[in-house]
Every structure is written in structure tokens, then in C-alpha cells.
file model-v8.txt (compact mmCIF, C-alpha atoms)
# COMPACT_ATOMS: atom_id res chain seq x y z
CA MET A 1 -34.39 7.27 -28.36
CA ALA A 2 -34.96 5.05 -25.29
CA LYS A 3 -33.38 6.21 -22.08
CA GLU A 4 -30.56 3.93 -20.97
CA LYS A 5 -31.55 1.93 -17.90
CA ARG A 6 -29.38 2.59 -14.86
CA THR A 7 -28.66 0.28 -11.97
CA LEU A 8 -29.54 1.29 -8.42
CA ALA A 9 -25.85 1.81 -7.65
CA GLN A 10 -25.43 4.05 -10.70
CA SER A 11 -28.45 6.12 -9.72
CA MET A 12 -26.80 6.70 -6.36
CA GLY A 13 -23.53 7.73 -7.98
CA ILE A 14 -21.79 4.54 -6.87
CA THR A 15 -19.62 3.21 -9.65
CA ARG A 16 -16.14 1.90 -10.09
CA THR A 17 -14.04 4.80 -11.20
CA VAL A 18 -11.13 2.54 -12.19
CA ASP A 19 -11.12 -0.92 -13.71
CA ARG A 20 -7.56 -2.18 -13.44
CA PRO A 21 -6.29 -5.27 -15.23
CA TRP A 22 -6.51 -8.39 -13.05
CA GLU A 23 -2.75 -8.70 -12.89
CA GLU A 24 -2.64 -5.42 -10.94
CA LYS A 25 -5.30 -6.33 -8.37
CA ASP A 26 -4.78 -10.08 -7.97
CA ILE A 27 -2.27 -10.69 -5.18
CA GLN A 28 -1.25 -13.96 -6.86
CA LEU A 29 -0.24 -12.06 -10.02
CA ARG A 30 0.80 -8.56 -9.02
CA GLU A 31 4.31 -7.57 -7.99
CA ASP A 32 4.99 -8.59 -4.40
CA ARG A 33 6.78 -5.60 -2.89
CA ILE A 34 6.98 -6.93 0.65
CA GLY A 35 7.06 -10.71 0.25
CA LYS A 36 10.79 -10.89 0.90
CA TYR A 37 10.15 -9.96 4.54
CA PHE A 38 7.87 -12.96 5.02
CA ARG A 39 9.56 -15.75 3.07
CA LYS A 40 11.81 -16.44 6.05
CA TYR A 41 8.83 -18.14 7.67
CA LEU A 42 8.70 -20.74 4.89
CA ASN A 43 11.82 -22.27 6.45
CA LYS A 44 9.60 -23.49 9.29
CA PHE A 45 7.83 -25.92 6.96
CA VAL A 46 8.59 -29.16 5.21
CA PHE A 47 6.27 -30.52 2.56
CA ALA A 48 4.71 -33.97 2.44
CA GLU A 49 2.34 -35.77 0.08
CA PHE A 50 -0.42 -38.07 1.30
CA SER A 51 -0.91 -41.70 0.35
CA GLU A 52 -3.19 -42.82 -2.45
CA GLU A 53 -5.15 -44.80 0.15
CA PHE A 54 -5.85 -41.73 2.26
CA MET A 55 -6.67 -39.50 -0.70
CA ALA A 56 -9.15 -42.07 -1.96
CA LYS A 57 -11.10 -41.73 1.30
CA SER A 58 -10.99 -37.94 1.49
CA LYS A 59 -13.51 -35.69 -0.23
CA VAL A 60 -10.60 -33.46 -1.24
CA GLY A 61 -8.31 -36.34 -2.19
CA HIS A 62 -8.61 -35.61 -5.89
CA LEU A 63 -7.48 -32.04 -5.20
CA MET A 64 -4.51 -33.15 -3.08
CA LYS A 65 -2.99 -35.49 -5.64
CA GLY A 66 0.54 -34.32 -6.44
CA VAL A 67 0.18 -31.36 -4.05
CA PRO A 68 2.77 -31.13 -1.22
CA ILE A 69 1.16 -30.14 2.08
CA PRO A 70 3.12 -27.90 4.53
CA LEU A 71 3.99 -29.37 7.92
CA ARG A 72 5.99 -27.98 10.82
CA LYS A 73 8.71 -30.12 12.39
CA LYS A 74 6.60 -31.21 15.34
CA GLU A 75 3.74 -32.08 13.02
CA VAL A 76 6.02 -34.23 10.88
CA LYS A 77 6.74 -36.39 13.96
CA ASP A 78 3.05 -36.67 14.79
CA PHE A 79 2.24 -37.49 11.19
CA ALA A 80 4.98 -40.12 10.90
CA GLY A 81 3.97 -41.62 14.24
CA GLY A 82 0.44 -42.25 13.08
CA GLU A 83 -1.24 -39.82 15.45
CA GLY A 84 -2.85 -37.85 12.64
CA ILE A 85 -3.15 -34.08 12.34
CA ASP A 86 -6.18 -31.85 12.62
CA PHE A 87 -6.99 -30.46 9.22
CA LEU A 88 -7.56 -27.11 10.91
CA VAL A 89 -3.83 -27.07 11.67
CA LEU A 90 -2.98 -27.88 8.07
CA ALA A 91 -5.39 -25.19 6.90
CA GLU A 92 -3.48 -22.62 8.92
CA ASN A 93 -0.19 -23.94 7.53
CA MET A 94 -1.51 -23.52 3.99
CA ALA A 95 -2.63 -20.00 4.87
CA TRP A 96 0.88 -19.25 6.18
CA VAL A 97 2.48 -20.44 2.95
CA MET A 98 0.04 -18.54 0.73
CA GLY A 99 0.39 -15.39 2.81
CA CYS A 100 4.19 -15.58 2.86
CA ASP A 101 4.37 -16.09 -0.89
CA PRO A 102 1.17 -15.64 -2.92
CA HIS A 103 3.21 -16.59 -6.01
CA PHE A 104 3.95 -20.06 -4.55
CA LYS A 105 3.22 -22.58 -7.29
CA HIS A 106 0.67 -24.50 -5.21
CA THR A 107 -1.29 -21.49 -3.94
CA LYS A 108 -4.19 -22.23 -6.30
CA ASP A 109 -4.20 -25.86 -5.17
CA TYR A 110 -4.38 -24.82 -1.52
CA VAL A 111 -7.22 -22.42 -2.27
CA ALA A 112 -9.14 -25.18 -4.05
CA ILE A 113 -8.62 -27.64 -1.18
CA LEU A 114 -9.59 -25.21 1.56
CA THR A 115 -12.55 -23.78 -0.34
CA LYS A 116 -13.93 -27.29 -0.84
CA LEU A 117 -13.71 -27.94 2.90
CA TYR A 118 -14.74 -24.62 4.39
CA ASN A 119 -16.60 -22.61 1.75
CA ARG A 120 -17.02 -18.94 2.71
CA LYS A 121 -16.19 -19.56 6.37
CA LEU A 122 -12.58 -19.98 5.29
CA GLU A 123 -11.68 -16.35 4.60
CA GLU A 124 -13.59 -15.16 7.66
CA GLY A 125 -11.69 -17.52 9.95
CA ILE A 126 -8.31 -16.54 8.53
CA LEU A 127 -9.24 -12.86 8.79
CA LYS A 128 -10.06 -13.30 12.48
CA LYS A 129 -6.66 -14.91 13.12
CA GLY A 130 -5.01 -11.93 11.45
CA ARG A 131 -6.96 -9.40 13.46
CA ASP A 132 -6.30 -11.20 16.72
CA ALA A 133 -2.58 -11.19 15.90
CA ALA A 134 -2.66 -7.47 15.08
CA GLU A 135 -4.28 -6.68 18.41
CA ILE A 136 -1.30 -8.15 20.31
CA GLY A 137 1.36 -6.66 18.06
CA GLU A 138 2.22 -9.72 15.94
CA MET A 139 2.09 -7.71 12.76
CA ASP A 140 3.99 -10.12 10.50
CA TYR A 141 1.53 -12.87 11.38
CA ALA A 142 -1.40 -10.48 10.87
CA CYS A 143 -0.15 -9.34 7.50
CA ILE A 144 0.46 -12.92 6.34
CA MET A 145 -3.09 -13.94 7.28
CA PHE A 146 -4.60 -10.95 5.51
CA ARG A 147 -2.58 -11.76 2.39
CA ALA A 148 -3.86 -15.33 2.59
CA THR A 149 -7.48 -14.11 2.54
CA LEU A 150 -6.71 -12.22 -0.66
CA CYS A 151 -5.29 -15.35 -2.25
CA ILE A 152 -8.69 -16.93 -1.61
CA ASN A 153 -10.81 -13.95 -2.64
CA LYS A 154 -9.13 -11.16 -4.60
CA GLU A 155 -11.76 -8.56 -3.73
CA TYR A 156 -12.58 -9.59 -0.18
CA LEU A 157 -13.35 -6.21 1.34
CA HIS A 158 -12.29 -6.93 4.89
CA GLY A 159 -9.12 -8.69 3.79
CA MET A 160 -8.16 -5.79 1.50
CA TYR A 161 -8.87 -3.16 4.14
CA SER A 162 -7.17 -5.03 6.98
CA TYR A 163 -4.11 -5.70 4.81
CA ALA A 164 -3.81 -2.03 3.88
CA ARG A 165 -4.19 -1.02 7.54
CA ALA A 166 -1.60 -3.56 8.64
CA CYS A 167 0.92 -2.32 6.05
CA ARG A 168 0.31 1.22 7.27
CA ALA A 169 0.88 0.25 10.91
CA MET A 170 4.07 -1.59 9.97
CA TYR A 171 5.72 1.25 8.08
CA LEU A 172 4.76 3.72 10.81
CA ALA A 173 6.62 1.53 13.32
CA SER A 174 9.81 1.19 11.24
CA LYS A 175 12.81 3.42 10.60
CA ASN A 176 14.28 1.30 7.81
CA GLU A 177 14.13 3.37 4.64
CA GLU A 178 13.55 0.56 2.17
CA TYR A 179 11.08 -1.23 4.44
CA VAL A 180 9.07 1.96 4.95
CA GLY A 181 9.06 2.70 1.24
CA ARG A 182 7.83 -0.77 0.28
CA PHE A 183 5.13 -0.98 2.93
CA LYS A 184 3.99 2.59 2.30
CA ALA A 185 3.58 1.87 -1.42
CA GLU A 186 1.74 -1.36 -0.64
CA ALA A 187 -0.62 0.37 1.79
CA LEU A 188 -1.41 3.15 -0.70
CA ASP A 189 -2.06 0.65 -3.48
CA TRP A 190 -4.46 -1.41 -1.41
CA PHE A 191 -6.36 1.57 -0.05
CA GLU A 192 -6.86 2.59 -3.67
CA LEU A 193 -7.92 -0.93 -4.59
CA VAL A 194 -10.42 -0.99 -1.70
CA THR A 195 -12.12 2.17 -2.95
CA GLU A 196 -12.09 0.95 -6.54
CA ALA A 197 -13.58 -2.46 -5.77
CA HIS A 198 -15.89 -1.28 -2.95
CA PRO A 199 -16.77 2.35 -3.72
CA ARG A 200 -19.34 2.65 -0.89
CA PHE A 201 -16.88 1.62 1.84
CA ALA A 202 -16.22 4.90 3.66
CA ASN A 203 -13.15 3.96 5.71
CA GLY A 204 -11.19 3.16 2.58
CA TYR A 205 -11.47 6.82 1.54
CA TYR A 206 -10.58 7.97 5.07
CA TYR A 207 -7.15 6.32 5.02
CA LEU A 208 -6.60 6.91 1.31
CA GLY A 209 -6.96 10.63 1.92
CA TYR A 210 -4.27 10.55 4.60
CA ALA A 211 -2.02 8.48 2.32
CA TYR A 212 -2.33 11.11 -0.40
CA LEU A 213 -1.77 13.90 2.11
CA ASN A 214 1.44 12.20 3.21
CA LEU A 215 2.64 12.39 -0.41
CA GLY A 216 1.63 16.05 -0.84
CA LEU A 217 -1.18 15.12 -3.26
CA TYR A 218 -3.73 17.57 -1.91
CA THR A 219 -6.24 17.36 -4.76
CA LYS A 220 -6.41 13.59 -4.50
CA ALA A 221 -6.72 13.82 -0.72
CA ASP A 222 -9.59 16.27 -1.14
CA ILE A 223 -11.41 13.96 -3.54
CA ALA A 224 -10.91 10.92 -1.31
CA TRP A 225 -12.14 12.73 1.79
CA ARG A 226 -15.21 14.13 0.04
CA ASN A 227 -16.12 10.56 -0.87
CA PHE A 228 -15.63 9.62 2.77
CA LEU A 229 -18.09 12.33 3.80
CA LYS A 230 -20.53 11.03 1.20
CA PHE A 231 -20.59 7.48 2.54
CA SER A 232 -19.64 7.69 6.22
CA LYS A 233 -22.15 7.74 9.08
CA ASN A 234 -19.53 8.40 11.76
CA GLY A 235 -20.19 11.94 12.99
CA LYS A 236 -16.89 12.32 14.87
CA ASP A 237 -14.77 11.21 11.91
CA LYS A 238 -16.77 13.36 9.50
CA LYS A 239 -16.11 16.41 11.68
CA GLU A 240 -12.38 15.58 11.65
CA ILE A 241 -12.31 15.23 7.87
CA ARG A 242 -14.25 18.45 7.25
CA THR A 243 -11.54 20.22 9.26
CA ARG A 244 -8.82 18.50 7.20
CA ILE A 245 -10.47 19.55 3.95
CA GLN A 246 -10.49 23.17 5.12
CA GLN A 247 -6.85 22.92 6.18
CA ILE A 248 -5.67 21.72 2.75
CA GLU A 249 -7.72 24.18 0.68
CA ASP A 250 -4.81 26.60 0.12
CA PRO A 251 -2.22 23.85 -0.56
CA ARG A 252 -4.73 22.28 -2.97
CA GLN A 253 -5.06 25.58 -4.84
CA ILE A 254 -1.27 25.91 -5.02
CA GLU A 255 -0.97 22.34 -6.28
CA ALA A 256 -3.59 23.08 -8.96
CA GLY A 257 -1.58 26.15 -9.98
CA CYS A 258 1.62 24.11 -10.24
CA ASN A 259 -0.14 21.46 -12.30
CA ALA A 260 -1.49 24.13 -14.62
CA ILE A 261 2.06 25.42 -15.17
CA LEU A 262 3.28 21.90 -15.97
CA ALA A 263 0.41 21.51 -18.45
CA GLY A 264 1.30 24.79 -20.17
CA ARG A 265 -1.83 26.61 -18.97
CA PHE A 266 0.10 29.65 -17.78
CA ASP A 267 -2.85 32.05 -17.86
CA GLU A 268 -4.58 29.73 -15.38
CA GLY A 269 -1.66 28.82 -13.12
CA MET A 270 0.39 32.01 -12.87
CA PRO A 271 -2.25 34.23 -11.18
CA VAL A 272 -2.79 31.54 -8.53
CA LEU A 273 0.91 31.17 -7.72
CA GLU A 274 1.57 34.92 -7.85
CA HIS A 275 -1.22 35.42 -5.32
CA TYR A 276 0.10 32.80 -2.89
CA ALA A 277 3.67 34.13 -3.23
CA THR A 278 2.57 37.13 -1.14
CA THR A 279 0.75 35.11 1.56
CA LYS A 280 1.84 32.90 4.47
CA PHE A 281 2.94 30.37 1.83
CA GLU A 282 5.70 32.67 0.55
CA ASP A 283 8.31 30.42 2.19
CA TRP A 284 7.12 27.32 0.30
CA TRP A 285 9.98 26.79 -2.13
CA PRO A 286 8.10 24.71 -4.78
CA LEU A 287 5.77 27.67 -5.34
CA HIS A 288 8.73 29.83 -6.41
CA TYR A 289 10.22 27.05 -8.52
CA TYR A 290 7.02 26.68 -10.56
CA LEU A 291 6.65 30.43 -10.79
CA GLY A 292 10.14 30.48 -12.28
CA VAL A 293 9.20 27.79 -14.79
CA GLY A 294 6.11 29.78 -15.78
CA TYR A 295 7.99 33.06 -16.15
CA GLU A 296 10.70 31.36 -18.19
CA GLN A 297 8.18 29.82 -20.58
CA MET A 298 6.47 33.18 -21.01
CA GLY A 299 9.79 34.89 -21.85
CA GLN A 300 10.03 36.87 -18.60
CA ARG A 301 13.66 35.99 -17.93
CA ASP A 302 14.33 38.46 -15.12
CA ASP A 303 11.25 37.34 -13.18
CA ALA A 304 12.21 33.71 -13.76
CA VAL A 305 15.70 34.26 -12.37
CA THR A 306 14.30 36.09 -9.33
CA SER A 307 11.87 33.22 -8.61
CA PHE A 308 14.49 30.52 -9.09
CA LYS A 309 16.92 32.32 -6.78
CA ARG A 310 14.18 32.67 -4.17
CA ALA A 311 13.56 28.92 -4.44
CA LEU A 312 17.26 28.29 -3.81
CA GLN A 313 17.23 30.60 -0.80
CA LEU A 314 14.57 28.35 0.69
CA ASN A 315 16.03 25.05 -0.55
CA GLY A 316 19.69 25.48 -1.39
CA SER A 317 20.17 21.95 -2.68
CA HIS A 318 17.30 21.79 -5.20
CA ILE A 319 19.22 20.69 -8.23
CA GLU A 320 16.38 21.19 -10.76
CA THR A 321 16.22 24.87 -9.88
CA MET A 322 19.98 25.13 -10.48
CA ARG A 323 19.59 23.44 -13.85
CA GLU A 324 16.89 25.90 -14.87
CA LEU A 325 19.15 28.82 -13.94
CA LEU A 326 22.08 27.22 -15.76
CA LYS A 327 19.94 26.87 -18.90
CA ILE A 328 19.05 30.56 -18.79
CA TYR A 329 22.68 31.62 -18.27
CA GLU A 330 23.86 29.35 -21.09
CA GLU A 331 21.39 30.97 -23.46
CA ASP A 332 22.62 34.39 -22.33
CA ASP A 333 26.28 33.25 -22.55
CA ASP A 334 26.81 34.47 -18.99
CA ARG A 335 30.09 32.66 -18.41
CA ALA A 336 30.52 33.61 -14.77
CA ASN A 337 27.14 32.20 -13.81
CA ILE A 338 27.58 29.22 -16.11
CA LYS A 339 30.72 28.31 -14.18
CA LYS A 340 29.08 29.06 -10.83
CA TYR A 341 26.03 26.85 -11.35
CA THR A 342 27.91 24.11 -13.19
CA GLU A 343 30.18 23.75 -10.17
CA LYS A 344 27.22 23.92 -7.75
CA ILE A 345 25.40 21.17 -9.63
CA LYS A 346 28.48 18.97 -9.62
CA MET A 347 28.97 19.57 -5.91
CA ILE A 348 25.34 18.73 -5.10
CA GLU A 349 25.43 15.61 -7.28
CA ALA A 350 28.64 14.47 -5.58
CA GLY A 351 27.10 15.07 -2.16
CA ILE A 352 23.97 13.16 -3.08
CA GLU A 353 26.01 10.21 -4.31
CA ALA A 354 28.23 10.28 -1.20
CA ASP A 355 25.18 10.26 1.06
CA ARG A 356 23.63 7.47 -0.98
CA GLN A 357 26.73 5.31 -0.69
CA LYS A 358 27.06 6.11 3.02
CA ASN A 359 23.51 5.04 3.77
CA LEU A 360 23.27 2.15 1.33
CA LYS A 361 25.27 -0.34 3.37
CA ALA A 362 23.38 0.43 6.58
CA ILE A 363 20.05 0.14 4.79
CA GLU A 364 21.03 -3.16 3.19
CA GLU A 365 22.22 -4.60 6.51
CA GLU A 366 19.03 -3.56 8.29
CA ASP A 367 16.92 -4.88 5.41
CA ARG A 368 18.77 -8.21 5.58
CA ARG A 369 18.17 -8.40 9.32
CA LEU A 370 14.46 -7.81 8.83
CA GLN A 371 14.34 -10.64 6.31
CA GLU A 372 16.34 -13.11 8.37
CA GLU A 373 15.42 -12.54 12.00
CA GLU A 374 12.24 -13.55 13.75
CA ALA A 375 9.94 -10.57 13.88
CA LYS A 376 9.41 -9.18 17.36
CA ALA A 377 6.03 -7.85 18.37
CA ILE A 378 5.67 -4.17 17.58
CA GLU A 379 3.08 -1.87 19.05
CA PRO A 380 0.23 -2.06 16.54
CA GLU A 381 -2.07 0.62 15.38
CA HIS A 382 -5.46 -0.59 16.60
CA ILE A 383 -7.20 -2.54 13.85
CA ASP A 384 -10.84 -2.42 14.79
CA ALA A 385 -13.32 -5.16 14.03
CA LEU A 386 -15.92 -4.50 11.36
CA ASP A 387 -19.43 -4.74 12.76
CA ASP A 388 -20.95 -6.68 9.90
CA LEU A 389 -18.44 -9.50 10.41
CA ASP A 390 -19.04 -10.01 14.14
CA ASP A 391 -21.92 -12.46 13.80
CA ALA A 392 -20.19 -14.50 11.12
CA GLU A 393 -16.99 -14.72 13.14
CA GLU A 394 -18.84 -15.76 16.30
CA GLU A 395 -20.70 -18.45 14.39
CA SER A 396 -17.43 -19.68 12.90
CA GLU A 397 -15.91 -19.98 16.40
CA LYS A 398 -18.89 -21.99 17.64
CA LYS A 399 -18.62 -24.48 14.82
CA PRO A 400 -14.96 -25.33 14.05
CA LEU A 401 -14.39 -27.74 11.20
CA VAL A 402 -11.82 -30.32 12.32
CA LYS A 403 -10.79 -33.32 10.29
CA ARG A 404 -8.18 -35.96 10.93
CA LEU A 405 -5.51 -36.94 8.49
CA GLY A 406 -4.12 -40.47 8.28
CA LYS A 407 -0.60 -41.60 7.54
CA LYS A 408 0.95 -41.58 4.13

call {"tool": "encode", "arguments": {"input": "model-v8.txt", "output": "C-alpha cells"}}
result
Amino acid sequence: MAKEKRTLAQSMGITRTVDRPWEEKDIQLREDRIGKYFRKYLNKFVFAEFSEEFMAKSKVGHLMKGVPIPLRKKEVKDFAGGEGIDFLVLAENMAWVMGCDPHFKHTKDYVAILTKLYNRKLEEGILKKGRDAAEIGEMDYACIMFRATLCINKEYLHGMYSYARACRAMYLASKNEEYVGRFKAEALDWFELVTEAHPRFANGYYYLGYAYLNLGLYTKADIAWRNFLKFSKNGKDKKEIRTRIQQIEDPRQIEAGCNAILAGRFDEGMPVLEHYATTKFEDWWPLHYYLGVGYEQMGQRDDAVTSFKRALQLNGSHIETMRELLKIYEEDDDRANIKKYTEKIKMIEAGIEADRQKNLKAIEEEDRRLQEEEAKAIEPEHIDALDDLDDAEEESEKKPLVKRLGKK
């Protein structure tokens, strides 16, 4: 039987580990978690169509037919007065609209028009505008530009990476619960997408590992960081990540033990958790909760109760632990404890709902403010330039493409 031929990438162990449907990785199709914070900028634009006479003379005229072009108020006056408008200005306007709302019905038209005029220089120029904005703290502008590059090229490495970094910087600078949650989820998704589409790009794994660590996903963080070590040439960062991997070894083992319990592999998970219950991790309440689940499933009721009660000593409001205890006491017909834990669960649920209602209005008001007000510059996390883009960006700056538009 002939040996299957492998590509160079495959021989190096470089393959896509995930192949998502396009609707999950195309910014024009996927759910837009954070778009509502940018659509306020669309109010700055009005839309105009160009005359048949002008379109007949333009090499993109056939692409502009029936397509409204975004103009700012000042530009409308210039346009109506016959002064004309640099197409470079209109290109940035189109990028603004696409970046604010990738689902805008004319996004594909704008991409076609701009691609015809600028070819590959287009996404590089927009990326540079985004990075320049990030450097001075204009993070909304930066994020919008990065989103625009992804409307043009779904798997543009530097657009994907810069967008994920920008989302990360933005949620780190905010205290609004909903805002943080949306931007954190968006950052995580795009760091994952970077590593899936560009599996040799080391920095994607660097930040993905920290994103997983932030969620308590130690095994995933370990995998991401080991891939970083595989592809990175940065000695300082590799030293940092080797230290991180050592630091999460015990939490990773505990996580593996908990996952084994959830999967019903008690003979695998219980020895791990029992070991760590007598170490410096003895005050980690989830360890005792999962030990309780394991003991309960193995019929060791007394040990289960002891573990669940220890979990509640460490986290007195963990309602799932209370429910597990209640289930045991109901099976034993222990009426005193049934009453005790039923009342505790009700009290905790009532407290959770009261807190939720108390915070909901404040969160909604702050979220509304973020959507309606002009964004102020926030101190950015430094978004560094990527070396392999420097030459292309310099060349793009030397040779701007400027075209004049006539009247309607």
C-alpha cells in the first residue's frame, strides 16, 4: 500500500486542528457581540449615490451603481459644492461603516469597490490606521479599523491578531460587567481563530493561554503555551511561559481529576483529588465539591457529606453543593436537614435574584452610556507592530492612492 504523501506543513506538525464553519469565522456572518458599542458612529454619516455620468468614467463605476457611499457632514458640503472628495477619504469612510457594522447590507459592495482600487495594499493601510489609533488610546477607532480589515479578508492574520489584542485591552480598561463580558468573549474567540487559521503564529498561543488561564481552563492553557514554545523564537517570552507552565501544573492535575469525575472515571479522578485535598490546595473549594460528587456516585455517603460540608465551609453560598446535600438527605428522609438545606437554598436564590435586580439597572445605564456617548481615549495596552509588515506599510505610505470624485 502506497504511503500517503504529506505536505511540508504536515511533516512539521503544523495543521489546522479545527475547521469551523464559515459562519463562525466570517465577521460578516458571525454573531456580532460588540457591534452595538460602535453603531453610534454611523450617525456621523449620510449616504449619497453618484451620477451615471461620473460612474461611467470611473473604473469602479459599475461596482458603485445603486450603492450609497458614506459621507460626513463636511464632506457633503464639499461634494455638493463641486470641490470633489479624495477617494482616500471615502475609503476610510467605507472602512468605518464596515467596521462599525460588518452586517451592513453594502459591506460586500464596499469591499469590492476598495479591492478593485487598492488590491492588497487596502488591508495593510487600514491596519496601520488601527494600530496608530491604538497607540494613542483611541481604542474604538482601532477596533473599528481592525474589524474592517476582517471584512476584506476573513483570515488576515494581522487583522485577526490586532483585533483580538484590541478587544483584550478594552475589557481590561472597563468596569462595566456586560461590556467586559462581551469583549472578553470576543477576544477569546479571535485568539482561538488566529491559532486555528495560522497555526505557526506563536503570539496567538501566548495570549490564548492567558485567556484560558483567566477562565480557570488550565489544561487548555497548558496546550496553548506548549504550542507557543514550539513556534516562538523570543527567548524572554519563552522563559516566562515555561515558568507559567510550571505554576499551573498542580491546578492542571486537579482540573484533570475533576473532569475525570464528571466523566464517570472515578478510579482515575478520585486518587488525584484525594491527594491534593491534603496539600496546599486543601482550601480550594471546587476540589471538595468534586470529591463529594465522586464519593456520592461510589455509594460512600458519609464521605460525600463530609466533602460537601467542607466545600460549604470554604464557599458558603455554593448552591450546587447545597443541592447535592439536599438530595442525599431526601433519600435518607432526614427531615431536619431537608428543611435546613431547603431554606438555605431558597435564601441563597433570593439573595442572588436581589443582587441581580440591584445591579441590573446600573449595568444597563452604563451600557447605554457606552453605546451613546463619544468614546474617550483610554490608556491602551501597547499593540506592537509586526516586523514582517513594516516594509509593506512604509511602501504604502510612500505611494498613497488618491482619486477625485466629481459631483452627482

call {"tool": "residues_around", "arguments": {"input": "model-v8.txt", "residues": "segment 273-279 of chain A", "least_positions_apart": "3", "cutoff": "10 Å", "atoms": "all atoms listed in the file", "output": "MDAnalysis selection string"}}
result
chainID A and resid 250:251 253:258 261 268:270 282:285 287:288 290:291 294 307

call {"tool": "atom_distance", "arguments": {"input": "model-v8.txt", "atom1": "atom CA of Ala311 of chain A", "atom2": "atom CA of Gln357 of chain A"}}
result
27.3 Å

call {"tool": "closest_residue", "arguments": {"input": "model-v8.txt", "among": "A:Tyr179, A:Tyr161, A:Tyr110, A:Tyr218", "to": "Arg369 of chain A", "atoms": "all atoms listed in the file"}}
result
A:Tyr179

call {"tool": "atom_distance", "arguments": {"input": "model-v8.txt", "atom1": "atom CA of Val111 of chain A", "atom2": "atom CA of Met145 of chain A"}}
result
13.4 Å

call {"tool": "closest_residue", "arguments": {"input": "model-v8.txt", "among": "A:Tyr156, A:Tyr41, A:Tyr212, A:Tyr329", "to": "Ala304 of chain A", "atoms": "all atoms listed in the file"}}
result
A:Tyr329

call {"tool": "atom_distance", "arguments": {"input": "model-v8.txt", "atom1": "atom CA of Lys108 of chain A", "atom2": "atom CA of Glu31 of chain A"}}
result
17.0 Å

call {"tool": "closest_residue", "arguments": {"input": "model-v8.txt", "among": "A:Gln247, A:Lys44, A:Leu325, A:Gly204", "to": "Phe231 of chain A", "atoms": "all atoms listed in the file"}}
result
A:Gly204

call {"tool": "residues_around", "arguments": {"input": "model-v8.txt", "residues": "Leu217 of chain A", "least_positions_apart": "2", "cutoff": "12 Å", "atoms": "only C-alpha atoms", "output": "number ranges by chain"}}
result
A: 208-215, 219-224, 248-249, 251-256, 258-259

call {"tool": "write_last_selection", "arguments": {"input": "model-v8.txt", "atoms": "C-alpha atoms", "output": "PDB file, keeping the file's coordinate frame"}}
result
ATOM      1  CA  LEU A 208      -6.600   6.910   1.310  1.00  0.00           C
ATOM      2  CA  GLY A 209      -6.960  10.630   1.920  1.00  0.00           C
ATOM      3  CA  TYR A 210      -4.270  10.550   4.600  1.00  0.00           C
ATOM      4  CA  ALA A 211      -2.020   8.480   2.320  1.00  0.00           C
ATOM      5  CA  TYR A 212      -2.330  11.110  -0.400  1.00  0.00           C
ATOM      6  CA  LEU A 213      -1.770  13.900   2.110  1.00  0.00           C
ATOM      7  CA  ASN A 214       1.440  12.200   3.210  1.00  0.00           C
ATOM      8  CA  LEU A 215       2.640  12.390  -0.410  1.00  0.00           C
ATOM      9  CA  THR A 219      -6.240  17.360  -4.760  1.00  0.00           C
ATOM     10  CA  LYS A 220      -6.410  13.590  -4.500  1.00  0.00           C
ATOM     11  CA  ALA A 221      -6.720  13.820  -0.720  1.00  0.00           C
ATOM     12  CA  ASP A 222      -9.590  16.270  -1.140  1.00  0.00           C
ATOM     13  CA  ILE A 223     -11.410  13.960  -3.540  1.00  0.00           C
ATOM     14  CA  ALA A 224     -10.910  10.920  -1.310  1.00  0.00           C
ATOM     15  CA  ILE A 248      -5.670  21.720   2.750  1.00  0.00           C
ATOM     16  CA  GLU A 249      -7.720  24.180   0.680  1.00  0.00           C
ATOM     17  CA  PRO A 251      -2.220  23.850  -0.560  1.00  0.00           C
ATOM     18  CA  ARG A 252      -4.730  22.280  -2.970  1.00  0.00           C
ATOM     19  CA  GLN A 253      -5.060  25.580  -4.840  1.00  0.00           C
ATOM     20  CA  ILE A 254      -1.270  25.910  -5.020  1.00  0.00           C
ATOM     21  CA  GLU A 255      -0.970  22.340  -6.280  1.00  0.00           C
ATOM     22  CA  ALA A 256      -3.590  23.080  -8.960  1.00  0.00           C
ATOM     23  CA  CYS A 258       1.620  24.110 -10.240  1.00  0.00           C
ATOM     24  CA  ASN A 259      -0.140  21.460 -12.300  1.00  0.00           C
TER      25      ASN A 259
END

call {"tool": "residues_around", "arguments": {"input": "model-v8.txt", "residues": "Asp109 of chain A", "least_positions_apart": "2", "cutoff": "12 Å", "atoms": "only C-alpha atoms", "output": "PyMOL selection string"}}
result
chain A and resi 60-69+94-95+97-98+102-107+111-116+151-152

call {"tool": "residues_around", "arguments": {"input": "model-v8.txt", "residues": "Leu312 of chain A", "least_positions_apart": "4", "cutoff": "12 Å", "atoms": "all atoms listed in the file", "output": "list in words"}}
result
Asp283, Trp284, Trp285, Pro286, Leu287, His288, Tyr289, Gly292, Val305, Thr306, Ser307, Phe308, Gly316, Ser317, His318, Ile319, Glu320, Thr321, Met322, Arg323, Glu324, Leu325, Tyr341 and Lys344 of chain A

call {"tool": "closest_residue", "arguments": {"input": "model-v8.txt", "among": "A:Met298, A:Lys184, A:Lys77, A:Cys143", "to": "Asp267 of chain A", "atoms": "all atoms listed in the file"}}
result
A:Met298

call {"tool": "decode", "arguments": {"input": "model-v8.txt", "residues": "segment 152-166 of chain A", "atoms": "C-alpha atoms", "output": "short mmCIF file (atom, residue, chain, number, x, y, z; two decimals), in the first residue's frame"}}
result
data_model
loop_
_atom_site.label_atom_id
_atom_site.label_comp_id
_atom_site.auth_asym_id
_atom_site.auth_seq_id
_atom_site.Cartn_x
_atom_site.Cartn_y
_atom_site.Cartn_z
CA ILE A 152 -11.97 42.50 3.49
CA ASN A 153 -10.03 39.35 4.33
CA LYS A 154 -11.58 36.90 6.79
CA GLU A 155 -8.28 35.23 7.68
CA TYR A 156 -5.96 38.23 7.56
CA LEU A 157 -3.50 37.26 10.28
CA HIS A 158 -2.53 40.73 11.41
CA GLY A 159 -6.13 41.94 11.40
CA MET A 160 -7.28 38.94 13.45
CA TYR A 161 -4.45 39.26 15.96
CA SER A 162 -4.72 43.04 16.32
CA TYR A 163 -8.50 42.80 16.75
CA ALA A 164 -8.15 40.18 19.49
CA ARG A 165 -5.49 42.29 21.23
CA ALA A 166 -7.63 45.41 21.00
#
